[in-house]
Amino acid sequence: MPEPAIIVESLGKQYHIGLKESRQDTLLKSAGSWLVSPLTNFRQLRRLSRVDSDDAEDIIWALRHVSFTIDSGQVVGIIGRNGAGKSTLLKVLSRITPPSEGRVILNGRVSSLLEVGTGFHPELTGRENVYLNGTILGMRKTEVDRKFDEIVAFAEVEKFIDTPVKRYSSGMRVRLAFAVSAHLESEILLVDEVLAVGDAAFQEKCLRTMDGVARGGRTVLLVSHNMQVIQRLCDRAILIQGGQVVDDGDPAGVVETYLQDYTRDPLPEPVTFNDQLRMKGISFMQDGYVVSELADFGKPLEICLRYDVLEPIRNLLLGFDIFSSDGTHIYRTYDMLAEGLDYREPGAYESIYELPGGAFQAGAYYMELVIGVHRHGWLTRGDIRLKLDFGGPRAYDVWFPGIMGPLGAWQVHRPTVYEAKQ
Amino acid sequence: MKSEPIVIEPVSGWQMINWRELREYRDLFRFLIDRDIKVLYKQTVLGFGWAILRPVLSMVIFTIIFGNLAQVDSDGVPYAIFSYVALVPWLYFSSALSASALSLVNNTDMLTKIYFPRLVFPMTSVFSKLVDFFISFVIVFLLMAWYRIAPTGRILLIPLLIMMMMLTAAGMGVWFAAMSVKYRDVKHAMPFVTQILMYAAPVVWSGTLITERFGAPGRFLFALYPMVGVIEGFRSALLDTGPMPWDMILVGSVSAAIIFVTGLFYFRRMESTFADVA
């Protein structure tokens, strides 16, 4: 039984959201509040870092009662929606911010990679930045000396190593920054979504490096939105929701739990937003029939949103985001694309979106309902989540990689060339 | 290579700086100082010439206004060199203080992305600004040769005065830096603070005025501001304006040490909140 590398015991982190701006609606009132503003500002700024106030309203717990143990050598993926507390967890573990309660024990040297190229200075040369960035990440100078050639070769910037980084292309800069990070020699590595840098070829290289790191017996904690990366690299995944651990175990299983959130029938009963709009139902139609199981990826799909407008709304934005199964945001669309921003009287409505056939591949896609009022605020964003399953006959035994279906049309013909014929 | 486990717990109350950890990051400290120095005069025409031009121009202005027009007493030495000898430590102090006070605010991207002892930031400028100091110091000897002033044996005490000057800059810099993260007022106040501090120190006027006007108690109160002792010490050592003001240096050193140590405690207390409020 190996010694655990990371022990997290009922960890909690609270934030004061503070700094609520009070709004004044008359000139006189705002002049008055302006006069006393130094005093109120001082109180608010002081409150920002104080934990003793019992004013529960402006406290949010980004993490609460989080406990887990990670054995040394394990590669663990942390997944969860935006704002679930993943990044806060990583910040606490990498000592950037202290926890409000609980305890963490780290056995071994820790390095954290929350961003590539922290501290890079554009005026310094590549060489100088490698040393600076390396020591910022916790390396000793002798260590950087030892790895210098390797780093430079990895980043493929040998020729420009004594050129100021400001003359680098953004790709070169990112490569150099990642190269430094990839050569950290620590027992525990905390990584936050940094693999999404550079072009496809370099990303593949980064992934392979991470793979090597993972197999090299180091303990890695990796936050990512990319479910494929999690499943490829990790031997365990932890799902965080609302600041708490909801699932922990085999990556494939945890990823499934995470995606289960998205159901095909998300509206067992109508949901009312802000007393302004009541969502009654969402359905998928193909060929005039409601799709219950898999939709055929080759045929157009109608997504039908049925709702009541409860009070007059001007400039309603109603639509959804579509994500691929690896979490990539493919696009957002609003029904204003039909007739522009308009004024809607109370009553029953139906907005129907037609997704052209062949736009997506066979497989799962995820959809999040987005409703807002233009320049005013959101009614809902991501609260209602749906899963779209595409299946259907494959015409050929040919693999088409990518998130989207191969849209567009090909033409194949033989150009008319006047050739001397015998 | 087996290191002790790291325990992360909620922090509370007053704590002393973790020196051992600071030692582990000494390479980073060195590279940050290096960066400061290398970057300072990048893409300028004069480069390190600025380190000379700044005190020399200030000297010319002060000599015209305070030396010639206002006829400020300069302890019997030409006003130009009288003010220059004070300007060299003063300009170090004011630039190191401002840079270190704003070091955290100017590096919030690093503060929120990576962990290392935050004390490294304000301390970096205390050392990197020494380069300008030594360059401008060379001019002192040229001026002394020009005015045919021989240095006294007390010149050997200059390193001591330099240390006191650094300690003062570090102490006040750490205080302001710790405050600046939450209260961005520091950023706007710094230009005034340094200006007030300059006129409070005997840069354009002579320290002998203090004793003449306010007697011994006044001298003691003024000496609580460590730069008074430093500047008067420089003048005594280089220009022989009087004996080494040991009383002022002693009082000033004690007060500089107190500012520094309390600053460290305050910094440490605020440190944990930096990433949250930055």
# chains A, B, ... in the order shown; residues from 1 in each chain; ligands from 1
>>> interface_residues(of="chain A", to="chain B", cutoff="8 Å", atoms="only C-alpha atoms", output="number ranges by chain")
A: 15, 45-46, 48-49, 91, 93-109, 112-115, 118-119, 123-124, 131-132, 135-138, 140-141
>>> residues_around(residues="region 44-61 of chain B", least_positions_apart="6", cutoff="9 Å", atoms="only C-alpha atoms", output="list in words")
Tyr79, Ala80, Ile81, Ser83, Tyr84, Leu87, Val88, Leu91, Val131, Asp132, Phe133, Phe134, Ile135, Ser136, Phe137, Val138 and Ile139 of chain B
>>> select_by_dssp(residues="region 64-266 of chain B", states="helix (DSSP H, G or I)", output="ChimeraX atom specification")
/B:64-69,79-101,105-111,120-128,130-146,153-182,185-200,208-223,226-239,246-266
>>> write_last_selection(atoms="C-alpha atoms", output="short mmCIF file (atom, residue, chain, number, x, y, z; two decimals), in the first residue's frame")
data_model
loop_
_atom_site.label_atom_id
_atom_site.label_comp_id
_atom_site.auth_asym_id
_atom_site.auth_seq_id
_atom_site.Cartn_x
_atom_site.Cartn_y
_atom_site.Cartn_z
CA ILE B 64 19.34 77.09 -8.95
CA ILE B 65 16.24 77.28 -6.75
CA PHE B 66 17.44 76.50 -3.26
CA GLY B 67 21.16 77.28 -3.61
CA ASN B 68 21.06 80.50 -5.61
CA LEU B 69 17.55 81.95 -5.32
CA TYR B 79 25.35 73.72 -2.80
CA ALA B 80 25.62 71.53 -5.90
CA ILE B 81 27.63 68.80 -4.22
CA PHE B 82 25.79 69.35 -0.94
CA SER B 83 22.49 68.42 -2.63
CA TYR B 84 23.96 65.73 -4.89
CA VAL B 85 25.37 63.74 -2.00
CA ALA B 86 21.89 63.73 -0.46
CA LEU B 87 20.15 63.01 -3.77
CA VAL B 88 22.04 59.78 -4.35
CA PRO B 89 20.62 57.95 -1.30
CA TRP B 90 17.35 59.83 -1.57
CA LEU B 91 16.60 58.83 -5.17
CA TYR B 92 17.44 55.23 -4.30
CA PHE B 93 15.08 55.37 -1.35
CA SER B 94 12.17 56.93 -3.18
CA SER B 95 12.41 54.69 -6.24
CA ALA B 96 12.88 51.51 -4.20
CA LEU B 97 10.00 52.50 -1.92
CA SER B 98 7.55 53.23 -4.77
CA ALA B 99 8.54 50.15 -6.73
CA SER B 100 8.25 47.88 -3.76
CA ALA B 101 4.97 49.45 -2.58
CA VAL B 105 -0.40 45.36 -7.51
CA ASN B 106 1.77 45.28 -10.62
CA ASN B 107 2.19 41.52 -10.43
CA THR B 108 -1.35 40.37 -9.72
CA ASP B 109 -1.20 37.96 -12.64
CA MET B 110 1.57 36.05 -10.92
CA LEU B 111 -0.03 36.46 -7.52
CA VAL B 120 10.01 38.18 -2.75
CA PHE B 121 8.13 40.89 -4.66
CA PRO B 122 8.68 43.95 -2.45
CA MET B 123 12.21 42.84 -1.61
CA THR B 124 13.21 42.58 -5.26
CA SER B 125 13.09 46.32 -5.87
CA VAL B 126 15.07 47.00 -2.71
CA PHE B 127 17.97 45.20 -4.34
CA SER B 128 17.47 45.98 -8.02
CA LEU B 130 20.92 49.50 -5.99
CA VAL B 131 22.30 49.42 -9.53
CA ASP B 132 21.13 52.97 -10.19
CA PHE B 133 22.41 53.95 -6.79
CA PHE B 134 25.96 52.78 -7.42
CA ILE B 135 26.08 54.29 -10.90
CA SER B 136 24.99 57.67 -9.61
CA PHE B 137 27.41 57.30 -6.71
CA VAL B 138 30.37 57.42 -9.11
CA ILE B 139 29.45 61.00 -9.97
CA VAL B 140 29.96 61.94 -6.32
CA PHE B 141 33.68 61.29 -6.70
CA LEU B 142 33.84 63.32 -9.91
CA LEU B 143 32.13 66.22 -8.17
CA MET B 144 34.47 65.89 -5.19
CA ALA B 145 37.47 66.04 -7.50
CA TRP B 146 35.99 69.07 -9.27
CA GLY B 153 38.13 58.40 6.88
CA ARG B 154 34.46 58.15 7.76
CA ILE B 155 33.89 57.05 4.17
CA LEU B 156 34.43 53.51 5.51
CA LEU B 157 31.09 53.86 7.28
CA ILE B 158 29.22 54.25 3.98
CA PRO B 159 28.33 50.50 3.73
CA LEU B 160 26.67 50.77 7.12
CA LEU B 161 24.63 53.75 5.91
CA ILE B 162 23.69 51.88 2.73
CA MET B 163 22.39 48.99 4.81
CA MET B 164 20.33 51.35 6.90
CA MET B 165 18.97 53.00 3.76
CA MET B 166 17.97 49.59 2.34
CA LEU B 167 16.37 48.52 5.58
CA THR B 168 14.26 51.67 5.64
CA ALA B 169 13.15 51.24 2.03
CA ALA B 170 12.37 47.57 2.66
CA GLY B 171 10.43 48.24 5.85
CA MET B 172 8.24 50.98 4.45
CA GLY B 173 7.92 49.19 1.10
CA VAL B 174 6.64 46.03 2.77
CA TRP B 175 4.07 48.05 4.75
CA PHE B 176 2.74 49.84 1.71
CA ALA B 177 2.81 46.71 -0.46
CA ALA B 178 0.73 44.78 2.05
CA MET B 179 -1.77 47.62 2.19
CA SER B 180 -1.90 48.16 -1.56
CA VAL B 181 -3.51 44.84 -2.45
CA LYS B 182 -6.72 45.70 -0.69
CA ASP B 185 -5.37 54.14 -2.71
CA VAL B 186 -1.70 53.39 -2.13
CA LYS B 187 -1.11 53.59 -5.86
CA HIS B 188 -2.48 57.12 -6.02
CA ALA B 189 -0.92 58.23 -2.77
CA MET B 190 2.65 57.09 -3.52
CA PRO B 191 3.76 60.17 -5.51
CA PHE B 192 2.66 62.45 -2.67
CA VAL B 193 4.08 60.22 0.01
CA THR B 194 7.53 60.29 -1.58
CA GLN B 195 7.32 64.02 -2.13
CA ILE B 196 6.41 64.68 1.49
CA LEU B 197 9.12 62.30 2.64
CA MET B 198 11.66 64.15 0.54
CA TYR B 199 10.96 67.53 2.08
CA ALA B 200 10.90 65.90 5.52
CA THR B 208 22.01 71.30 11.35
CA LEU B 209 18.86 73.42 10.98
CA ILE B 210 16.97 70.90 13.12
CA THR B 211 19.15 71.34 16.18
CA GLU B 212 19.26 75.13 15.68
CA ARG B 213 15.48 75.42 15.54
CA PHE B 214 14.14 72.62 17.70
CA GLY B 215 17.02 71.67 20.00
CA ALA B 216 17.77 68.17 21.24
CA PRO B 217 14.16 66.87 21.43
CA GLY B 218 13.54 68.01 17.84
CA ARG B 219 16.72 66.28 16.76
CA PHE B 220 15.54 63.04 18.37
CA LEU B 221 12.10 63.24 16.74
CA PHE B 222 13.56 63.92 13.32
CA ALA B 223 16.01 61.08 13.71
CA PRO B 226 15.80 56.95 9.38
CA MET B 227 16.61 58.76 6.14
CA VAL B 228 17.58 61.83 8.18
CA GLY B 229 20.46 59.93 9.76
CA VAL B 230 21.40 58.31 6.46
CA ILE B 231 21.62 61.59 4.53
CA GLU B 232 23.44 63.46 7.27
CA GLY B 233 25.78 60.49 7.57
CA PHE B 234 26.56 60.60 3.84
CA ARG B 235 27.34 64.32 4.07
CA SER B 236 29.55 63.86 7.07
CA ALA B 237 31.48 60.96 5.53
CA LEU B 238 32.01 62.49 2.10
CA LEU B 239 31.94 66.25 2.57
CA TRP B 246 25.90 58.77 15.65
CA ASP B 247 22.91 59.71 17.79
CA MET B 248 20.73 60.12 14.70
CA ILE B 249 22.04 56.93 13.14
CA LEU B 250 21.36 54.95 16.29
CA VAL B 251 17.82 56.27 16.71
CA GLY B 252 17.18 55.87 12.99
CA SER B 253 18.46 52.28 12.90
CA VAL B 254 16.24 51.26 15.78
CA SER B 255 13.23 52.88 14.17
CA ALA B 256 14.08 51.37 10.75
CA ALA B 257 14.34 47.94 12.36
CA ILE B 258 10.99 48.39 14.09
CA ILE B 259 9.31 49.51 10.85
CA PHE B 260 10.79 46.51 9.06
CA VAL B 261 9.86 43.88 11.64
CA THR B 262 6.31 45.18 12.13
CA GLY B 263 6.04 45.40 8.35
CA LEU B 264 6.96 41.73 8.04
CA PHE B 265 4.26 40.76 10.52
CA TYR B 266 1.66 42.90 8.82
#
>>> atom_distance(atom1="CA of Arg269 (chain B)", atom2="CA of Ile6 (chain A)")
26.4 Å
>>> residues_around(residues="region 380-384 of chain A", least_positions_apart="2", cutoff="8 Å", atoms="only C-alpha atoms", output="ChimeraX atom specification")
/A:266,273,368-372,378,386
>>> residues_around(residues="region 80-85 of chain A", least_positions_apart="3", cutoff="6 Å", atoms="only C-alpha atoms", output="list in words")
Ala62, Leu63, Thr88, Leu239, Ile240, Gln241, Gly242 and Gly243 of chain A
>>> residues_around(residues="region 299-308 of chain A", least_positions_apart="4", cutoff="6 Å", atoms="only C-alpha atoms", output="ChimeraX atom specification")
/A:277-286,347-357
>>> write_last_selection(atoms="N, CA and C atoms", output="compact mmCIF listing (two decimals), in the first residue's frame")
# COMPACT_ATOMS: atom_id res chain seq x y z
N LEU A 277 -41.36 34.30 -17.74
CA LEU A 277 -41.49 33.34 -18.81
C LEU A 277 -41.63 31.95 -18.21
N ARG A 278 -42.58 31.16 -18.77
CA ARG A 278 -42.74 29.79 -18.29
C ARG A 278 -42.42 28.83 -19.42
N MET A 279 -41.41 28.00 -19.21
CA MET A 279 -41.02 27.02 -20.21
C MET A 279 -41.91 25.81 -20.03
N LYS A 280 -42.62 25.42 -21.08
CA LYS A 280 -43.58 24.34 -20.91
C LYS A 280 -43.06 23.00 -21.43
N GLY A 281 -42.28 23.07 -22.49
CA GLY A 281 -41.82 21.79 -23.02
C GLY A 281 -40.78 21.96 -24.10
N ILE A 282 -39.96 20.96 -24.26
CA ILE A 282 -38.95 20.96 -25.31
C ILE A 282 -39.05 19.61 -25.99
N SER A 283 -39.12 19.61 -27.29
CA SER A 283 -39.16 18.31 -27.95
C SER A 283 -38.38 18.33 -29.25
N PHE A 284 -37.97 17.15 -29.64
CA PHE A 284 -37.22 16.98 -30.87
C PHE A 284 -38.09 16.27 -31.89
N MET A 285 -38.14 16.78 -33.11
CA MET A 285 -38.98 16.19 -34.14
C MET A 285 -38.14 15.89 -35.38
N GLN A 286 -38.44 14.75 -35.95
CA GLN A 286 -37.82 14.42 -37.22
C GLN A 286 -38.88 13.79 -38.12
N GLY A 347 -48.60 35.51 -23.57
CA GLY A 347 -49.32 34.52 -24.36
C GLY A 347 -48.46 33.30 -24.60
N ALA A 348 -49.02 32.34 -25.33
CA ALA A 348 -48.29 31.11 -25.60
C ALA A 348 -47.46 31.27 -26.87
N TYR A 349 -46.26 30.72 -26.86
CA TYR A 349 -45.37 30.80 -28.02
C TYR A 349 -44.73 29.45 -28.31
N GLU A 350 -44.21 29.35 -29.49
CA GLU A 350 -43.46 28.17 -29.87
C GLU A 350 -42.29 28.63 -30.74
N SER A 351 -41.09 28.30 -30.36
CA SER A 351 -39.94 28.63 -31.21
C SER A 351 -39.34 27.33 -31.69
N ILE A 352 -39.20 27.23 -33.00
CA ILE A 352 -38.72 25.98 -33.57
C ILE A 352 -37.41 26.23 -34.30
N TYR A 353 -36.42 25.45 -33.96
CA TYR A 353 -35.12 25.58 -34.61
C TYR A 353 -34.89 24.36 -35.48
N GLU A 354 -34.50 24.60 -36.70
CA GLU A 354 -34.21 23.45 -37.56
C GLU A 354 -32.72 23.27 -37.73
N LEU A 355 -32.24 22.12 -37.28
CA LEU A 355 -30.84 21.77 -37.43
C LEU A 355 -30.71 20.98 -38.72
N PRO A 356 -29.90 21.48 -39.67
CA PRO A 356 -29.82 20.78 -40.95
C PRO A 356 -29.28 19.37 -40.79
N GLY A 357 -29.71 18.49 -41.64
CA GLY A 357 -29.23 17.11 -41.59
C GLY A 357 -27.74 17.05 -41.88
>>> select_by_dssp(residues="region 66-209 of chain A", states="strand (DSSP E or B)", output="PyMOL selection string")
chain A and resi 66-71+75-79+101-106+110-113+125+164+188-192
>>> write_last_selection(atoms="N, CA and C atoms", output="PDB file, in the first residue's frame")
ATOM      1  N   VAL A  66     -15.080  18.919   1.377  1.00  0.00           N
ATOM      2  CA  VAL A  66     -14.440  18.123   0.334  1.00  0.00           C
ATOM      3  C   VAL A  66     -13.362  17.253   0.971  1.00  0.00           C
ATOM      4  N   SER A  67     -13.477  15.946   0.796  1.00  0.00           N
ATOM      5  CA  SER A  67     -12.483  15.020   1.326  1.00  0.00           C
ATOM      6  C   SER A  67     -12.146  13.981   0.286  1.00  0.00           C
ATOM      7  N   PHE A  68     -10.887  13.711   0.111  1.00  0.00           N
ATOM      8  CA  PHE A  68     -10.461  12.573  -0.693  1.00  0.00           C
ATOM      9  C   PHE A  68      -8.988  12.307  -0.438  1.00  0.00           C
ATOM     10  N   THR A  69      -8.566  11.127  -0.808  1.00  0.00           N
ATOM     11  CA  THR A  69      -7.163  10.754  -0.649  1.00  0.00           C
ATOM     12  C   THR A  69      -6.664  10.263  -1.992  1.00  0.00           C
ATOM     13  N   ILE A  70      -5.482  10.714  -2.373  1.00  0.00           N
ATOM     14  CA  ILE A  70      -4.931  10.279  -3.646  1.00  0.00           C
ATOM     15  C   ILE A  70      -3.618   9.570  -3.391  1.00  0.00           C
ATOM     16  N   ASP A  71      -3.529   8.339  -3.861  1.00  0.00           N
ATOM     17  CA  ASP A  71      -2.311   7.563  -3.662  1.00  0.00           C
ATOM     18  C   ASP A  71      -1.218   8.084  -4.557  1.00  0.00           C
ATOM     19  N   VAL A  75      -3.082   9.228 -11.307  1.00  0.00           N
ATOM     20  CA  VAL A  75      -3.387  10.375 -12.159  1.00  0.00           C
ATOM     21  C   VAL A  75      -4.888  10.601 -12.083  1.00  0.00           C
ATOM     22  N   VAL A  76      -5.272  11.724 -11.491  1.00  0.00           N
ATOM     23  CA  VAL A  76      -6.676  11.937 -11.180  1.00  0.00           C
ATOM     24  C   VAL A  76      -7.203  13.145 -11.927  1.00  0.00           C
ATOM     25  N   GLY A  77      -8.321  12.979 -12.568  1.00  0.00           N
ATOM     26  CA  GLY A  77      -8.954  14.079 -13.276  1.00  0.00           C
ATOM     27  C   GLY A  77     -10.044  14.688 -12.410  1.00  0.00           C
ATOM     28  N   ILE A  78     -10.125  16.016 -12.415  1.00  0.00           N
ATOM     29  CA  ILE A  78     -11.193  16.684 -11.685  1.00  0.00           C
ATOM     30  C   ILE A  78     -12.130  17.253 -12.730  1.00  0.00           C
ATOM     31  N   ILE A  79     -13.386  16.860 -12.694  1.00  0.00           N
ATOM     32  CA  ILE A  79     -14.313  17.412 -13.673  1.00  0.00           C
ATOM     33  C   ILE A  79     -15.483  18.079 -12.965  1.00  0.00           C
ATOM     34  N   GLU A 101     -11.543  26.251   6.009  1.00  0.00           N
ATOM     35  CA  GLU A 101     -11.625  25.184   7.006  1.00  0.00           C
ATOM     36  C   GLU A 101     -11.058  23.906   6.404  1.00  0.00           C
ATOM     37  N   GLY A 102     -10.801  22.942   7.274  1.00  0.00           N
ATOM     38  CA  GLY A 102     -10.274  21.678   6.790  1.00  0.00           C
ATOM     39  C   GLY A 102      -8.769  21.701   6.659  1.00  0.00           C
ATOM     40  N   ARG A 103      -8.246  20.667   6.005  1.00  0.00           N
ATOM     41  CA  ARG A 103      -6.807  20.505   5.986  1.00  0.00           C
ATOM     42  C   ARG A 103      -6.384  19.728   4.752  1.00  0.00           C
ATOM     43  N   VAL A 104      -5.188  20.049   4.260  1.00  0.00           N
ATOM     44  CA  VAL A 104      -4.628  19.309   3.142  1.00  0.00           C
ATOM     45  C   VAL A 104      -3.223  18.885   3.521  1.00  0.00           C
ATOM     46  N   ILE A 105      -2.869  17.646   3.244  1.00  0.00           N
ATOM     47  CA  ILE A 105      -1.489  17.211   3.460  1.00  0.00           C
ATOM     48  C   ILE A 105      -0.941  16.740   2.124  1.00  0.00           C
ATOM     49  N   LEU A 106       0.196  17.313   1.750  1.00  0.00           N
ATOM     50  CA  LEU A 106       0.829  16.944   0.493  1.00  0.00           C
ATOM     51  C   LEU A 106       2.158  16.282   0.803  1.00  0.00           C
ATOM     52  N   VAL A 110       5.644  19.775  -4.678  1.00  0.00           N
ATOM     53  CA  VAL A 110       4.471  20.099  -5.481  1.00  0.00           C
ATOM     54  C   VAL A 110       4.818  21.164  -6.499  1.00  0.00           C
ATOM     55  N   SER A 111       4.369  20.975  -7.728  1.00  0.00           N
ATOM     56  CA  SER A 111       4.413  22.133  -8.609  1.00  0.00           C
ATOM     57  C   SER A 111       3.064  22.249  -9.272  1.00  0.00           C
ATOM     58  N   SER A 112       2.663  23.472  -9.497  1.00  0.00           N
ATOM     59  CA  SER A 112       1.341  23.653 -10.055  1.00  0.00           C
ATOM     60  C   SER A 112       1.425  24.449 -11.335  1.00  0.00           C
ATOM     61  N   LEU A 113       0.541  24.107 -12.222  1.00  0.00           N
ATOM     62  CA  LEU A 113       0.541  24.692 -13.548  1.00  0.00           C
ATOM     63  C   LEU A 113      -0.862  25.200 -13.804  1.00  0.00           C
ATOM     64  N   THR A 125      14.959  37.719 -23.261  1.00  0.00           N
ATOM     65  CA  THR A 125      15.157  36.719 -24.312  1.00  0.00           C
ATOM     66  C   THR A 125      14.534  35.403 -23.884  1.00  0.00           C
ATOM     67  N   PRO A 164      14.535  38.494 -27.928  1.00  0.00           N
ATOM     68  CA  PRO A 164      13.485  38.847 -26.950  1.00  0.00           C
ATOM     69  C   PRO A 164      12.170  38.159 -27.298  1.00  0.00           C
ATOM     70  N   ILE A 188       4.412  15.781  -7.149  1.00  0.00           N
ATOM     71  CA  ILE A 188       2.983  16.042  -7.327  1.00  0.00           C
ATOM     72  C   ILE A 188       2.816  17.188  -8.314  1.00  0.00           C
ATOM     73  N   LEU A 189       1.999  16.965  -9.308  1.00  0.00           N
ATOM     74  CA  LEU A 189       1.799  18.001 -10.317  1.00  0.00           C
ATOM     75  C   LEU A 189       0.317  18.365 -10.380  1.00  0.00           C
ATOM     76  N   LEU A 190       0.011  19.654 -10.237  1.00  0.00           N
ATOM     77  CA  LEU A 190      -1.368  20.125 -10.314  1.00  0.00           C
ATOM     78  C   LEU A 190      -1.530  20.902 -11.610  1.00  0.00           C
ATOM     79  N   VAL A 191      -2.432  20.479 -12.451  1.00  0.00           N
ATOM     80  CA  VAL A 191      -2.550  21.084 -13.784  1.00  0.00           C
ATOM     81  C   VAL A 191      -3.972  21.565 -14.035  1.00  0.00           C
ATOM     82  N   ASP A 192      -4.104  22.773 -14.516  1.00  0.00           N
ATOM     83  CA  ASP A 192      -5.428  23.318 -14.813  1.00  0.00           C
ATOM     84  C   ASP A 192      -5.574  23.651 -16.289  1.00  0.00           C
TER      85      ASP A 192
END
>>> atom_distance(atom1="CA of Asp296 (chain A)", atom2="CA of Ala362 (chain A)")
8.0 Å
